[in-house]
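Okay, query.cif is below, mmCIF, C-alpha atoms:
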data_start
loop_
_atom_site.label_atom_id
_atom_site.label_comp_id
_atom_site.auth_asym_id
_atom_site.auth_seq_id
_atom_site.Cartn_x
_atom_site.Cartn_y
_atom_site.Cartn_z
CA MET A 167 -14.78 -8.07 16.03
CA GLU A 168 -15.05 -11.79 16.53
CA ASP A 169 -12.44 -13.17 18.93
CA SER A 170 -9.05 -12.32 17.43
CA SER A 171 -7.43 -15.47 18.78
CA THR A 172 -9.40 -17.55 16.29
CA THR A 173 -7.39 -16.51 13.25
CA ASN A 174 -5.99 -20.07 13.16
CA GLY A 175 -2.50 -18.76 12.48
CA GLU A 176 -3.38 -17.84 8.89
CA ASP A 177 -1.46 -14.80 7.66
CA TRP A 178 -4.39 -12.74 6.40
CA ILE A 179 -2.86 -9.28 6.59
CA SER A 180 -0.09 -9.90 4.06
CA ARG A 181 -2.56 -10.11 1.18
CA LEU A 182 -3.02 -6.35 1.40
CA PRO A 183 -0.70 -4.15 -0.71
CA ASP A 184 1.68 -1.69 0.99
CA SER A 185 -0.59 1.27 0.21
CA LEU A 186 -3.48 -0.25 2.20
CA LEU A 187 -1.21 -1.29 5.07
CA CYS A 188 -0.04 2.34 5.23
CA HIS A 189 -3.67 3.45 5.23
CA ILE A 190 -4.24 1.23 8.29
CA LEU A 191 -1.14 2.68 9.96
CA SER A 192 -2.43 6.21 9.33
CA PHE A 193 -5.10 5.56 11.99
CA LEU A 194 -2.41 4.88 14.61
CA SER A 195 -0.27 7.50 16.33
CA PRO A 196 3.23 7.91 14.80
CA LYS A 197 4.63 6.16 17.90
CA GLU A 198 2.38 3.12 17.42
CA ALA A 199 3.09 3.09 13.68
CA VAL A 200 6.87 3.02 14.31
CA GLY A 201 6.29 0.11 16.71
CA THR A 202 4.98 -2.05 13.83
CA SER A 203 8.43 -1.95 12.19
CA ILE A 204 9.38 -5.00 14.24
CA LEU A 205 6.52 -7.22 13.03
CA SER A 206 8.44 -8.55 10.06
CA LYS A 207 10.85 -7.39 7.35
CA ARG A 208 7.99 -6.21 5.17
CA TRP A 209 6.77 -3.91 7.93
CA GLU A 210 10.22 -2.54 8.79
CA ASN A 211 9.91 0.66 6.74
CA LEU A 212 6.16 0.87 6.06
CA TRP A 213 5.62 3.48 8.79
CA ILE A 214 7.84 5.93 6.88
CA SER A 215 5.24 6.09 4.08
CA VAL A 216 2.24 6.81 6.31
CA PRO A 217 0.67 9.88 4.70
CA SER A 218 -0.51 11.63 7.90
CA LEU A 219 1.40 12.58 11.03
CA TYR A 220 -0.14 13.89 14.21
CA PHE A 221 2.02 15.15 17.07
CA CYS A 222 0.62 16.48 20.32
CA ASP A 223 2.47 16.92 23.61
CA ILE A 224 -0.36 16.50 26.07
CA PHE A 225 0.74 14.16 28.84
CA THR A 226 -1.13 12.68 31.75
CA THR A 227 -0.09 14.52 34.87
CA ASP A 228 2.69 12.72 36.61
CA CYS A 229 4.95 15.44 37.96
CA GLY A 230 7.72 13.09 38.93
CA ASN A 231 8.36 12.07 35.32
CA TYR A 232 7.17 15.23 33.61
CA MET A 233 10.49 16.62 32.26
CA ASN A 234 11.57 13.15 31.30
CA LYS A 235 8.35 12.70 29.32
CA VAL A 236 8.77 16.08 27.62
CA ASN A 237 12.37 15.33 26.64
CA CYS A 238 11.42 11.87 25.39
CA TYR A 239 8.62 13.42 23.37
CA ILE A 240 11.00 15.97 21.77
CA ASP A 241 13.48 13.18 20.93
CA TYR A 242 10.68 11.08 19.46
CA VAL A 243 9.38 13.84 17.14
CA ASN A 244 12.96 14.68 16.06
CA TRP A 245 13.60 11.02 15.35
CA VAL A 246 10.39 10.44 13.34
CA LEU A 247 10.89 13.57 11.20
CA ALA A 248 14.59 12.80 10.63
CA HIS A 249 13.85 9.23 9.54
CA ARG A 250 11.08 10.42 7.24
CA ASP A 251 13.99 11.40 5.03
CA GLY A 252 11.96 13.75 2.86
CA PHE A 253 9.25 11.16 2.11
CA ALA A 254 6.05 13.05 1.21
CA ILE A 255 3.59 13.90 3.98
CA GLU A 256 -0.01 14.58 2.97
CA LYS A 257 -1.30 15.86 6.27
CA CYS A 258 0.47 16.97 9.42
CA ASN A 259 -0.69 18.35 12.75
CA LEU A 260 1.88 19.92 15.10
CA SER A 261 0.22 20.80 18.39
CA CYS A 262 2.37 22.06 21.26
CA TYR A 263 1.14 22.76 24.75
CA THR A 264 4.44 22.64 26.63
CA LEU A 265 6.99 25.45 26.54
CA HIS A 266 9.91 23.08 25.97
CA ALA A 267 8.37 21.30 23.00
CA SER A 268 7.11 24.53 21.43
CA ALA A 269 10.71 25.77 21.22
CA HIS A 270 11.20 23.12 18.54
CA LEU A 271 8.20 24.09 16.44
CA TYR A 272 10.35 26.19 14.12
CA SER A 273 12.63 23.28 13.15
CA TRP A 274 9.73 20.79 13.04
CA THR A 275 7.82 23.07 10.66
CA CYS A 276 10.90 23.27 8.41
CA ALA A 277 11.22 19.47 8.39
CA VAL A 278 7.55 18.99 7.52
CA ILE A 279 7.68 21.61 4.74
CA ALA A 280 10.68 19.75 3.29
CA CYS A 281 8.41 16.71 2.99
CA THR A 282 6.11 18.57 0.53
CA VAL A 283 3.23 18.63 3.00
CA GLN A 284 -0.22 19.49 1.60
CA GLU A 285 -2.27 20.09 4.76
CA LEU A 286 -0.56 21.60 7.78
CA THR A 287 -1.99 22.58 11.16
CA ILE A 288 0.22 24.31 13.72
CA LYS A 289 -1.29 24.95 17.12
CA SER A 290 -0.19 26.28 20.48
CA GLU A 291 -2.11 27.80 23.35
CA LEU A 292 0.89 29.18 25.18
CA PHE A 293 0.98 32.88 25.99
CA ARG A 294 4.10 33.39 23.96
CA VAL A 295 5.21 31.32 21.01
CA GLY A 296 8.06 32.09 18.66
CA GLN A 297 8.29 32.86 14.98
CA LEU A 298 7.44 30.51 12.21
CA PRO A 299 9.93 29.89 9.40
CA TRP A 300 9.81 31.80 6.13
CA CYS A 301 9.71 28.53 4.17
CA LEU A 302 6.12 28.18 5.39
CA LEU A 303 5.12 31.13 3.21
CA THR A 304 6.90 29.94 0.08
CA CYS A 305 5.70 26.35 0.17
CA LYS A 306 4.56 25.29 -3.31
CA THR A 307 2.62 22.24 -2.12
CA LEU A 308 0.44 23.64 0.69
CA VAL A 309 -3.28 23.40 -0.02
CA VAL A 310 -4.57 23.84 3.55
CA LEU A 311 -2.78 25.93 6.19
CA LYS A 312 -4.15 26.39 9.70
CA ILE A 313 -2.22 28.39 12.30
CA HIS A 314 -3.72 28.73 15.74
CA GLY A 315 -1.74 30.53 18.42
CA ARG A 316 0.31 33.63 19.19
CA PHE A 317 2.85 32.95 16.48
CA VAL A 318 4.69 35.91 15.06
CA LEU A 319 4.32 35.94 11.31
CA ASN A 320 7.37 37.70 9.99
CA PHE A 321 7.15 37.86 6.25
CA PRO A 322 9.94 37.27 3.75
CA THR A 323 10.32 39.57 0.76
CA PHE A 324 8.78 36.95 -1.44
CA ILE A 325 5.59 35.12 -0.44
CA CYS A 326 4.25 32.42 -2.71
CA LEU A 327 1.60 29.83 -1.88
CA PRO A 328 0.34 28.93 -5.36
CA ARG A 329 -1.82 25.95 -4.40
CA LEU A 330 -3.36 27.33 -1.22
CA LYS A 331 -7.13 26.87 -1.05
CA PHE A 332 -7.87 27.10 2.65
CA LEU A 333 -6.23 29.51 5.10
CA TYR A 334 -7.19 29.63 8.77
CA LEU A 335 -5.46 32.10 11.08
CA ASN A 336 -6.43 32.33 14.72
CA SER A 337 -4.73 34.63 17.25
CA VAL A 338 -1.69 35.14 15.02
CA ILE A 339 0.51 38.21 15.59
CA TYR A 340 1.39 40.28 12.53
CA GLY A 341 4.16 42.87 12.27
CA ASP A 342 1.84 45.69 11.18
CA ASP A 343 -0.98 46.49 8.71
CA ALA A 344 1.42 46.20 5.78
CA SER A 345 2.46 42.68 6.84
CA MET A 346 -1.08 41.39 6.75
CA GLN A 347 -1.66 43.20 3.45
CA LYS A 348 1.43 41.57 1.99
CA LEU A 349 0.23 38.13 3.02
CA PHE A 350 -3.18 38.40 1.40
CA SER A 351 -2.03 40.14 -1.73
CA SER A 352 0.66 37.51 -2.32
CA CYS A 353 -1.37 34.37 -1.84
CA PRO A 354 -4.76 34.06 -3.47
CA VAL A 355 -6.84 31.76 -1.25
CA HIS A 356 -9.14 30.13 -3.70
CA GLU A 357 -11.82 28.67 -1.51
CA ASP A 358 -11.96 29.47 2.16
CA LEU A 359 -10.36 32.16 4.32
CA VAL A 360 -10.97 32.31 8.07
CA ILE A 361 -9.34 34.98 10.23
CA LYS A 362 -9.85 35.24 13.97
CA ARG A 363 -8.14 38.33 15.33
CA HIS A 364 -7.49 40.06 18.63
CA ASP A 365 -6.77 43.67 19.40
CA TRP A 366 -3.16 42.85 20.31
CA ASP A 367 -2.24 41.35 16.93
CA GLY A 368 -0.43 44.41 15.56
CA VAL A 369 -2.96 45.29 12.85
CA GLY A 370 -5.20 48.36 12.70
CA ILE A 371 -6.89 48.19 9.32
CA ILE A 372 -6.98 45.36 6.83
CA LEU A 373 -7.92 45.51 3.17
CA LEU A 374 -8.68 42.25 1.48
CA TYR A 375 -9.02 41.67 -2.23
CA MET A 376 -10.53 38.30 -2.88
CA GLY A 377 -11.71 36.27 -5.81
CA THR A 378 -15.44 35.73 -6.25
CA THR A 379 -15.18 32.06 -5.27
CA THR A 380 -13.51 32.73 -1.91
CA LYS A 381 -15.61 32.27 1.22
CA TYR A 382 -14.47 34.68 3.95
CA THR A 383 -15.18 34.42 7.68
CA SER A 384 -13.79 36.75 10.29
CA GLU A 385 -14.01 37.26 14.05
CA PHE A 386 -12.52 39.95 16.23
CA ALA A 387 -11.99 39.63 19.97
CA GLN A 388 -11.25 42.62 22.15
CA SER A 389 -9.29 42.14 25.36
CA GLN A 390 -10.86 43.46 28.58
CA SER A 391 -8.06 45.97 29.20
CA SER A 392 -8.70 47.81 25.89
CA MET B 203 -23.15 7.21 -5.78
CA LYS B 204 -20.90 5.83 -3.04
CA PHE B 205 -19.20 3.16 -5.17
CA CYS B 206 -17.10 5.59 -7.19
CA ALA B 207 -15.74 2.81 -9.43
CA VAL B 208 -19.29 1.91 -10.46
CA LYS B 209 -20.17 5.57 -10.98
CA GLN B 210 -17.14 5.88 -13.24
CA TYR B 211 -18.43 2.91 -15.25
CA PHE B 212 -21.79 4.68 -15.81
CA ASP B 213 -20.06 7.96 -16.65
CA ASP B 214 -17.86 6.19 -19.19
CA GLU B 215 -20.94 4.53 -20.75
CA ASN B 216 -22.64 7.91 -21.10
CA ASN B 217 -19.53 9.43 -22.63
CA ASN B 218 -19.42 6.62 -25.19
CA ASN B 219 -23.12 7.22 -25.94
CA ILE B 220 -23.97 3.63 -25.21
CA THR B 221 -27.65 3.53 -24.46
CA SER B 222 -28.80 0.82 -22.17
CA GLY B 223 -31.49 0.63 -19.58
CA ALA B 224 -30.04 1.01 -16.11
CA SER B 225 -31.93 -2.06 -14.95
CA THR B 226 -30.24 -4.34 -17.51
CA THR B 227 -26.68 -2.98 -17.41
CA MET B 228 -24.21 -5.57 -16.16
CA ILE B 229 -21.17 -4.08 -14.52
CA PRO B 230 -18.11 -6.33 -14.36
CA LEU B 231 -16.46 -6.42 -10.93
CA PRO B 232 -13.79 -9.09 -11.39
CA ASN B 233 -11.88 -8.22 -8.23
CA VAL B 234 -14.79 -8.35 -5.79
CA GLU B 235 -16.27 -11.51 -4.36
CA SER B 236 -19.97 -11.79 -3.62
CA HIS B 237 -19.73 -12.07 0.18
CA PRO B 238 -17.79 -8.81 0.85
CA LEU B 239 -19.81 -7.08 -1.89
CA ALA B 240 -23.04 -8.00 -0.11
CA ILE B 241 -21.69 -6.57 3.17
CA LEU B 242 -20.59 -3.36 1.43
CA ILE B 243 -23.97 -2.93 -0.26
CA THR B 244 -25.74 -3.39 3.10
CA TYR B 245 -23.32 -0.94 4.73
CA CYS B 246 -23.92 1.60 2.00
CA LYS B 247 -27.72 1.29 2.15
CA LYS B 248 -27.68 1.60 5.95
CA HIS B 249 -25.44 4.66 5.75
CA LEU B 250 -27.75 6.37 3.27
CA LYS B 251 -30.86 5.42 5.25
CA ILE B 252 -29.46 6.77 8.53
CA LYS B 253 -28.37 9.96 6.77
CA ALA B 254 -31.84 10.43 5.24
CA ASN B 255 -33.59 9.77 8.58
CA ASN B 256 -31.47 12.40 10.35
CA ALA B 257 -31.22 14.90 7.52
CA ASP B 258 -30.56 17.98 9.68
CA ASN B 259 -28.86 16.31 12.58
CA LYS B 260 -25.26 15.39 11.83
CA LYS B 261 -24.56 14.30 15.41
CA GLU B 262 -27.46 11.87 15.42
CA THR B 263 -26.32 10.45 12.07
CA GLU B 264 -22.84 9.87 13.46
CA LYS B 265 -24.19 8.28 16.65
CA GLU B 266 -26.50 5.89 14.81
CA MET B 267 -23.83 5.01 12.28
CA GLU B 268 -21.38 4.26 15.08
CA GLN B 269 -23.89 1.95 16.75
CA TYR B 270 -24.49 0.13 13.47
CA GLU B 271 -20.75 -0.17 12.80
CA GLN B 272 -20.10 -1.64 16.27
CA GLU B 273 -22.79 -4.27 15.67
CA LEU B 274 -21.39 -5.04 12.22
CA LEU B 275 -17.87 -5.54 13.57
CA LYS B 276 -19.11 -8.09 16.12
CA LYS B 277 -20.12 -10.35 13.24
CA VAL B 278 -16.94 -9.98 11.16
CA MET B 279 -13.98 -12.34 11.53
CA PRO B 280 -10.54 -10.70 11.35
CA GLN B 281 -9.66 -12.67 8.22
CA GLU B 282 -12.73 -11.29 6.44
CA LEU B 283 -11.35 -7.78 6.84
CA THR B 284 -8.81 -8.40 4.06
CA GLU B 285 -11.55 -9.03 1.50
CA LEU B 286 -13.65 -6.14 2.77
CA ILE B 287 -10.73 -3.70 2.62
CA LEU B 288 -9.69 -4.89 -0.86
CA ALA B 289 -13.28 -4.68 -2.12
CA ALA B 290 -13.90 -1.21 -0.66
CA ASN B 291 -10.61 -0.03 -2.18
CA TYR B 292 -11.42 -1.48 -5.61
CA LEU B 293 -14.91 0.04 -5.57
CA ASN B 294 -13.41 3.34 -4.38
CA PHE B 295 -15.88 3.43 -1.47
CA LYS B 296 -13.99 5.74 0.88
CA GLU B 297 -16.23 5.62 3.96
CA ALA B 298 -16.19 1.82 4.11
CA LEU B 299 -12.44 1.66 3.40
CA ASP B 300 -11.70 4.08 6.24
CA PHE B 301 -14.08 2.23 8.55
CA PHE B 302 -12.54 -1.22 8.04
CA CYS B 303 -8.96 0.08 8.12
CA ARG B 304 -9.74 1.98 11.31
CA ALA B 305 -11.19 -1.24 12.76
CA VAL B 306 -7.90 -3.06 12.10
CA ALA B 307 -5.92 -0.18 13.62
CA SER B 308 -8.15 -0.18 16.73
CA ALA B 309 -7.65 -3.91 17.17
CA ILE B 310 -3.85 -3.55 17.34
CA GLN B 311 -3.66 -0.15 19.07
CA ASN B 312 -1.39 -0.19 22.09
CA LYS B 313 -0.86 -3.95 21.85
CA SER B 314 2.41 -5.83 22.14
CA ILE B 315 4.26 -7.10 19.07
CA GLU B 316 3.49 -10.68 20.05
CA PHE B 317 -0.24 -9.95 20.19
CA VAL B 318 -0.21 -8.14 16.83
CA ARG B 319 1.74 -10.96 15.15
CA LYS B 320 -0.76 -13.52 16.47
CA PHE B 321 -3.69 -11.33 15.40
CA PHE B 322 -2.35 -10.86 11.88
CA GLY B 323 -1.03 -14.43 11.59
CA LEU B 324 2.48 -13.07 10.98
CA GLU B 325 5.79 -14.68 11.78
CA SER B 326 9.02 -12.82 12.29
CA ASP B 327 11.50 -13.28 9.44
CA PHE B 328 14.32 -11.26 10.95
CA GLU B 329 17.80 -12.78 11.24
CA LEU B 330 19.11 -13.68 14.66
CA GLY B 331 19.91 -10.53 16.55
CA GLU B 332 18.20 -8.20 14.01
CA GLU B 333 14.96 -8.07 15.94
CA GLU B 334 16.72 -7.44 19.26
CA LYS B 335 18.61 -4.57 17.66
CA LEU B 336 15.37 -3.02 16.35
CA ARG B 337 13.65 -3.48 19.71
CA GLU B 338 16.50 -1.62 21.35
CA GLU B 339 16.40 1.18 18.76
CA PHE B 340 12.63 1.57 19.03
CA ALA B 341 12.26 0.85 22.75
CA TRP B 342 10.46 4.19 23.25
CA SER B 343 7.66 3.10 20.91
CA PHE B 344 6.83 0.12 23.15
CA GLU B 345 6.45 2.09 26.36
CA GLY B 346 3.01 1.71 27.88
CA VAL B 347 1.73 -1.08 25.62
CA ASP B 348 -0.85 -3.47 27.05
CA GLU B 349 0.34 -6.75 28.47
CA ASP B 350 -1.15 -9.59 26.36
#

Spell out the structure here as structure tokens.
Amino acid sequence: MEDSSTTNGEDWISRLPDSLLCHILSFLSPKEAVGTSILSKRWENLWISVPSLYFCDIFTTDCGNYMNKVNCYIDYVNWVLAHRDGFAIEKCNLSCYTLHASAHLYSWTCAVIACTVQELTIKSELFRVGQLPWCLLTCKTLVVLKIHGRFVLNFPTFICLPRLKFLYLNSVIYGDDASMQKLFSSCPVHEDLVIKRHDWDGVGIILLYMGTTTKYTSEFAQSQSS
Amino acid sequence: MKFCAVKQYFDDENNNNITSGASTTMIPLPNVESHPLAILITYCKKHLKIKANNADNKKETEKEMEQYEQELLKKVMPQELTELILAANYLNFKEALDFFCRAVASAIQNKSIEFVRKFFGLESDFELGEEEKLREEFAWSFEGVDED
């Protein structure tokens, strides 16, 4: 852009409505968006309405401060989700690469679901990750769900994802064949279903019944020890 | 058609069975000034041309578009962004809206509050002590920002 110091002091940003200011904030990280709350009174709570949230705990290597950084990161995510106060989230990405942060994925997923999220991506590349909450599988607002990582999908008695159009499951661990069956018979995925499996995921045979409009992609990876 | 608001106008005309030659139809755009409209039309034409030239190569399209967008931004004053964002929003032209909003976000990314206020032309209207309290509460969000 032309030199930003030549704005001549004119307040040009305030002509935009809140919705467009939030759209601008959606291109910043949640941390940077929160930082704008000090600009002026109008900006104090704008960050709460930003429709997309992206959290990722990849830090630059600095071993001396590593645990401090991880703990600060956990506090920061807890703080942002708590202050969201149920305000709707359109899109959320929860990516965890550290063991300490991933222990909080369960509660963070619950908090995001409570904000009527429509597109949710949960990712971890750790060898072992915990369970995901049941509320994930009864969320009435989810349109896109992507789970990537060795999460254990333990299914509640009742599964209901009425608006789900896109389901992507990569390296997920199921209880048994019946669990996977239950998932796909309970939630019709109307457009796109992608399953990437491994031989350690707890499933032997899967039977899928899909609508004619559903695009289905699958991959199967066998471990070297099998 | 990239200008979804204009497309809607044509669709509505068809639905009302109003016959008029496309070349003589006048479409009212009361909320868009001529200067930002001209930039958006050029942006749209360039986008379509680059896409057509690289029909099978998405990466090449993205690379060329990025180069064009960088050149475009060099000629745009910050204050002009308001009109461009409002016009793109009114015309429901998503690609341009995202581009200009992203440009504003990039300009303030990782910058201090003082820099961002100066860039936007904002002044603080907090009471005495209010701002200090907020700075203390959100101190973690200012870690690692650039010095002005």

In Å to one decimal, how far is atom CA of A:Val318 from atom CA of A:Gln297?
4.7 Å

Identify, on the basis of all atoms listed in the file, every residue whose closest approach to stretch 252-264 of chain A does not exceed 9 Å; exclude the query and any residue fewer than 4 positions from it along the same chain; express the result as number ranges by chain.
A: 214-224, 236, 247-248, 268-269, 271, 274-275, 277-292

Using the chain letters and numbering of this document, enumerate as an MDAnalysis selection string the residues selected by the PyMOL selection byres ((chain B and resi 241) around 12).
chainID B and resid 234:240 242:248 271 274:275 277:278 282:283 285:287 289:290 298 302

Dump as a PyMOL selection string the residues of chain A that approach chain B to within 10 Å, counting all atoms listed in the file.
chain A and resi 167-183+186-208+210+238-239+241-242

Answer key for the PyMOL selection byres ((chain A and resi 359) around 6), residues as a JSON list (two decimals) with C-alpha atoms, in the coordinates of the input:
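Okay, result.json is ready:
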[["chain", "number", "residue", "atom", "x", "y", "z"],
["A", 332, "PHE", "CA", -7.87, 27.10, 2.65],
["A", 333, "LEU", "CA", -6.23, 29.51, 5.10],
["A", 358, "ASP", "CA", -11.96, 29.47, 2.16],
["A", 360, "VAL", "CA", -10.97, 32.31, 8.07],
["A", 382, "TYR", "CA", -14.47, 34.68, 3.95]]

Pick out the residues sitting within 8 Å of B:Cys206, and hand them over as a list in words; count all atoms listed in the file, and ignore anything fewer than 6 positions along from it in its own chain.
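In the requested form, the answer reads Leu293, Asn294 and Phe295 of chain B.
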